[in-house]
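Encoded as structure tokens, the structure appears first; notes follow it.
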Amino acid sequence: MFEIGKVLIDDSHYAGQDVYSDGTIEDEMLEIAKTYAKQDYNKIIAQRENWPIFYHFSHIRENIVSWLPMDKKESVLEIGAGCGAITGALLEKVGVVTAVDLSMKRSLINAYRNKDMGNLKISVGNFEDVEKSLTEKYDIITLIGVFEYADAYIQSQNPYEDFLLKIKKHLSKQGRIVIAIENKYGLKYWAGCKEDHTGGYFEGLEGYTKSSGAKTFSKNALQNMFAHTGFEQVEFYYPYPDYKFPQKIFSDDFLPIPGELSNNRRNFDQDRLDLFDERKVFDGLIEDGMFPYFSNSFLVIIK
């Protein structure tokens, strides 16, 4: 155990090596977290013009949770907290956040950027190992860009369902799980964007036949998985353009109207093809009531 500012870091489950990393750019990100205040991050993003820095430090990332009803009486277990892109927003809304991440360097970045917050504890290590030491119940458990990796760190025949069952044990009586994940059949992948985790064209659409370690799902597949694992209340939301940098978040009660989705060609991290006009296709899907099945990402709240 050690502290950075007011943040407690538990390294008792850390294996001693970071197996998940963006490479040497993380040294630069640690320098940013140590040196600059949060109000300077946008200036740094503009100056350095680097995708990982943009991805990990943009305030837009917080939009995925900043609108969710939470209060200071609640506690959060943030699984896969990474460099803290979401952690700060959670700390402002709830009483206590327990963050878990595989990477020590990313956990240090998280700790430095939130060093003045006394309601954050970070556990470094594989979640399967950390989970065995968790004794409390949490009101909210978040899996933001995490659920798709269950096959890589849950050792079982059914890692995705077993992951849900494992974390379900740590929910309070009225607790909920918040999941943000790409849609396997998101329109951007048909239109020529690479699969986010494998970097291959059409990899998710073709069923991940050329890769392993990360996997996304359709809306129906997720619904079936939640039903199989005993979750009775499921609410789907549709971040646009995606959950990473959401500008709008739609729901089944508040769906987009034709002409509303026009920010489709934006793709910062990888090259892409431009196979058709996504705006026109989205308009057709909206008119036919099919937008929820082709939304680029999902935000799901399950109880």
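Scheme for the structure tokens: letters A, B, ... for chains in order shown; per-chain residue numbers from 1; ligand numbers from 1 in order shown.
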Review point. Using only C-alpha atoms, which residues sit within 9 Å of Glu278 (chain A) once same-chain residues fewer than 5 positions away are excluded, as a PyMOL selection string?
Key: chain A and resi 187-188+191+261-262+264-265+283
Take the residues just selected and output them with N, CA and C atoms as a compact mmCIF listing (two decimals), in the first residue's frame.
```
# COMPACT_ATOMS: atom_id res chain seq x y z
N LEU A 187 -23.25 0.73 -37.27
CA LEU A 187 -23.24 1.12 -38.68
C LEU A 187 -21.85 1.52 -39.16
N LYS A 188 -21.04 2.10 -38.29
CA LYS A 188 -19.73 2.57 -38.74
C LYS A 188 -18.85 1.42 -39.23
N ALA A 191 -19.77 0.66 -42.70
CA ALA A 191 -19.40 1.76 -43.59
C ALA A 191 -17.90 1.88 -43.82
N LEU A 261 -28.27 12.78 -37.19
CA LEU A 261 -26.97 12.12 -37.03
C LEU A 261 -26.08 12.43 -38.23
N SER A 262 -25.24 13.43 -38.07
CA SER A 262 -24.43 13.88 -39.20
C SER A 262 -22.93 13.85 -38.91
N ASN A 264 -20.54 11.49 -38.64
CA ASN A 264 -20.22 10.07 -38.80
C ASN A 264 -18.82 9.79 -39.34
N ARG A 265 -18.25 10.71 -40.07
CA ARG A 265 -16.95 10.41 -40.69
C ARG A 265 -15.77 10.64 -39.75
N ASP A 283 -30.62 7.75 -41.53
CA ASP A 283 -31.97 8.27 -41.69
C ASP A 283 -32.96 7.16 -42.03
```
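Excluding Gln223 (chain A) itself and any same-chain residue fewer than 5 positions from it, the protein and nucleic acid residues within 9 Å of it, counting only C-alpha atoms, are Ser218, His228 and Val234 of chain A.
Here CA of Met29 (chain A) stands at a distance of 27.1 Å from CA of Leu299 (chain A).
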Practice item. Within 9 Å of Gln174 (chain A), counting only C-alpha atoms, which residues show up once you throw out same-chain ones fewer than 3 positions away? Write them as a PyMOL selection string, please. Key: chain A and resi 139+171+303
Point to revise | Selection near region 159-168 of chain A, 7 Å with only C-alpha atoms, sequence-local residues under 4 positions removed, as a PyMOL selection string | key: chain A and resi 150-151+154-155+225+229
Output file for the selection above: N, CA, C and O atoms, as a PDB file, in the first residue's frame:
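Saved file out_31.pdb follows:
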```
ATOM      1  N   ALA A 150     -13.469  -9.660 -21.316  1.00  0.00           N
ATOM      2  CA  ALA A 150     -13.633 -10.696 -20.291  1.00  0.00           C
ATOM      3  C   ALA A 150     -12.915 -11.987 -20.650  1.00  0.00           C
ATOM      4  O   ALA A 150     -12.359 -12.670 -19.788  1.00  0.00           O
ATOM      5  N   ASP A 151     -12.899 -12.322 -21.930  1.00  0.00           N
ATOM      6  CA  ASP A 151     -12.266 -13.570 -22.360  1.00  0.00           C
ATOM      7  C   ASP A 151     -10.766 -13.569 -22.091  1.00  0.00           C
ATOM      8  O   ASP A 151     -10.143 -14.629 -21.986  1.00  0.00           O
ATOM      9  N   ILE A 154     -10.829 -13.624 -17.587  1.00  0.00           N
ATOM     10  CA  ILE A 154     -11.671 -14.516 -16.803  1.00  0.00           C
ATOM     11  C   ILE A 154     -11.462 -15.932 -17.334  1.00  0.00           C
ATOM     12  O   ILE A 154     -11.776 -16.225 -18.494  1.00  0.00           O
ATOM     13  N   GLN A 155     -10.913 -16.787 -16.504  1.00  0.00           N
ATOM     14  CA  GLN A 155     -10.556 -18.134 -16.946  1.00  0.00           C
ATOM     15  C   GLN A 155     -11.746 -19.080 -16.760  1.00  0.00           C
ATOM     16  O   GLN A 155     -11.952 -19.646 -15.696  1.00  0.00           O
ATOM     17  N   MET A 225     -27.724 -12.576 -22.822  1.00  0.00           N
ATOM     18  CA  MET A 225     -26.708 -12.804 -21.796  1.00  0.00           C
ATOM     19  C   MET A 225     -27.179 -12.290 -20.438  1.00  0.00           C
ATOM     20  O   MET A 225     -27.008 -12.951 -19.409  1.00  0.00           O
ATOM     21  N   THR A 229     -28.073 -14.557 -16.930  1.00  0.00           N
ATOM     22  CA  THR A 229     -27.369 -14.339 -15.670  1.00  0.00           C
ATOM     23  C   THR A 229     -28.261 -13.699 -14.605  1.00  0.00           C
ATOM     24  O   THR A 229     -27.775 -13.260 -13.558  1.00  0.00           O
TER      25      THR A 229
END
```
Spatial neighbours of Phe202 (chain A), max dist 9 Å, only C-alpha atoms, sep filter under 3 positions, as a short mmCIF file (atom, residue, chain, number, x, y, z; two decimals) with N, CA and C atoms, in the first residue's frame:
```cif
data_model
loop_
_atom_site.label_atom_id
_atom_site.label_comp_id
_atom_site.auth_asym_id
_atom_site.auth_seq_id
_atom_site.Cartn_x
_atom_site.Cartn_y
_atom_site.Cartn_z
N TYR A 189 -19.07 0.21 -38.70
CA TYR A 189 -18.25 -0.93 -39.14
C TYR A 189 -18.66 -1.41 -40.52
N TRP A 190 -19.95 -1.33 -40.85
CA TRP A 190 -20.41 -1.64 -42.21
C TRP A 190 -19.86 -0.59 -43.18
N GLY A 192 -17.09 1.09 -43.07
CA GLY A 192 -15.66 1.10 -43.35
C GLY A 192 -14.73 1.43 -42.21
N CYS A 193 -15.24 1.54 -40.98
CA CYS A 193 -14.35 1.71 -39.83
C CYS A 193 -13.78 0.36 -39.40
N LYS A 194 -12.54 0.37 -38.97
CA LYS A 194 -11.92 -0.85 -38.46
C LYS A 194 -12.51 -1.22 -37.11
N GLU A 195 -12.52 -2.52 -36.82
CA GLU A 195 -12.93 -2.98 -35.50
C GLU A 195 -11.98 -2.39 -34.47
N LEU A 205 -18.07 -7.98 -37.66
CA LEU A 205 -19.19 -8.38 -38.51
C LEU A 205 -19.05 -9.84 -38.96
N GLU A 206 -17.81 -10.28 -39.15
CA GLU A 206 -17.55 -11.64 -39.62
C GLU A 206 -17.36 -12.64 -38.48
N GLY A 207 -17.63 -12.18 -37.24
CA GLY A 207 -17.62 -13.11 -36.13
C GLY A 207 -16.29 -13.35 -35.46
N TYR A 208 -15.34 -12.44 -35.61
CA TYR A 208 -14.03 -12.54 -34.96
C TYR A 208 -13.33 -13.86 -35.30
#
```
Study note, to complete from the structure: Nearest to Phe2 (chain A), restricted to only C-alpha atoms and choosing among A:Val281, A:Asn119, A:Gln270, A:Val124, comes out as A:Val124
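Residues of region 201-264 of chain A assigned to helix (DSSP H, G or I) by DSSP on this structure's backbone: Lys219, Asn220, Ala221, Leu222, Gln223, Asn224, Met225, Phe226, Ala227 and His228 of chain A.
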Keeping C-alpha atoms for every residue in the selection just given, could you write it to a file as a PDB file, in the first residue's frame?
```
ATOM      1  CA  LYS A 219     -28.178  -5.836 -28.765  1.00  0.00           C
ATOM      2  CA  ASN A 220     -29.974  -9.191 -28.885  1.00  0.00           C
ATOM      3  CA  ALA A 221     -26.880 -11.100 -27.760  1.00  0.00           C
ATOM      4  CA  LEU A 222     -26.426  -8.784 -24.790  1.00  0.00           C
ATOM      5  CA  GLN A 223     -30.097  -9.060 -23.832  1.00  0.00           C
ATOM      6  CA  ASN A 224     -29.886 -12.858 -23.890  1.00  0.00           C
ATOM      7  CA  MET A 225     -26.708 -12.804 -21.796  1.00  0.00           C
ATOM      8  CA  PHE A 226     -28.279 -10.542 -19.178  1.00  0.00           C
ATOM      9  CA  ALA A 227     -31.358 -12.780 -19.001  1.00  0.00           C
ATOM     10  CA  HIS A 228     -29.224 -15.912 -18.577  1.00  0.00           C
TER      11      HIS A 228
END
```
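Coordinates place CA of Gly186 (chain A) at a distance of 13.4 Å from CA of Lys215 (chain A).
By only C-alpha atoms, and with residues fewer than 6 positions from Thr24 (chain A) along its chain excluded, the set lying at most 12 Å from it is Asp18, Leu30, Glu31, Pro52, Ile53, Lys105 and Arg106 of chain A.
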Exercise for review: May I have the residues within 10 Å of Asp269 (chain A) as a list in words, using only C-alpha atoms and disregarding those fewer than 2 positions away in the same chain?
Suggested key: Asn50, Trp51, Pro52, Phe54, Tyr55, Lys194, Asp196, Arg266, Asn267, Asp271 and Arg272 of chain A
Write out the residues from the selection above, keeping C-alpha atoms, as a CSV table (one decimal), in the first residue's frame.
```
chain,number,residue,atom,x,y,z
A,50,ASN,CA,-1.5,12.6,-30.2
A,51,TRP,CA,-4.4,10.0,-30.1
A,52,PRO,CA,-3.6,8.3,-26.8
A,54,PHE,CA,-6.6,12.9,-26.6
A,55,TYR,CA,-8.3,9.6,-25.7
A,194,LYS,CA,-11.9,-0.9,-38.5
A,196,ASP,CA,-11.7,-1.0,-32.5
A,266,ARG,CA,-15.0,11.4,-37.6
A,267,ASN,CA,-12.4,8.7,-36.8
A,271,ASP,CA,-7.6,5.0,-41.0
A,272,ARG,CA,-11.0,4.0,-42.4
```
Practice item. Could you give me the residues within region 25-240 of chain A that DSSP places in strand (DSSP E), as number ranges by chain? Key: A: 75-79, 96-101, 120-125, 138-144, 171-182, 234-240
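Using only C-alpha atoms for every distance, the candidate list A:Gly213, A:Pro239, A:Gly5, A:Gly95 yields A:Gly5 as the residue closest to Ala111 (chain A).
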**Study point:** Nearest to Ser75 (chain A) by atom-to-atom distance, counting only C-alpha atoms, from A:His170, A:Arg279, A:His59, A:Lys210
**Key:** A:His170
Would you give me, as a tab-separated table, each residue of region 99-152 of chain A having an atom within 12 Å of an atom of region 182-185 of chain A, along with its shortest atom pair and that distance in Å to one decimal, using only C-alpha atoms and sorting by chain and residue number?
```
residue	atom	partner	partner_atom	distance
A:Ile144	CA	A:Glu182	CA	10.2
A:Gly145	CA	A:Glu182	CA	8.0
A:Val146	CA	A:Glu182	CA	10.4
A:Phe147	CA	A:Glu182	CA	10.0
A:Glu148	CA	A:Glu182	CA	8.5
A:Tyr149	CA	A:Glu182	CA	11.8
```
Point to revise | d(CA of Ile122 (chain A), CA of Tyr243 (chain A)) in Å | key: 23.4 Å
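Distances from A:Lys34, A:Lys169, A:Lys248, A:Lys93 to Gly230 (chain A) were compared using only C-alpha atoms, and the smallest one belongs to A:Lys169.
Residue nearest Phe282 (chain A), chosen from A:Leu255, A:Leu90, A:Ile301, A:Lys38 and counting only C-alpha atoms: A:Leu255.
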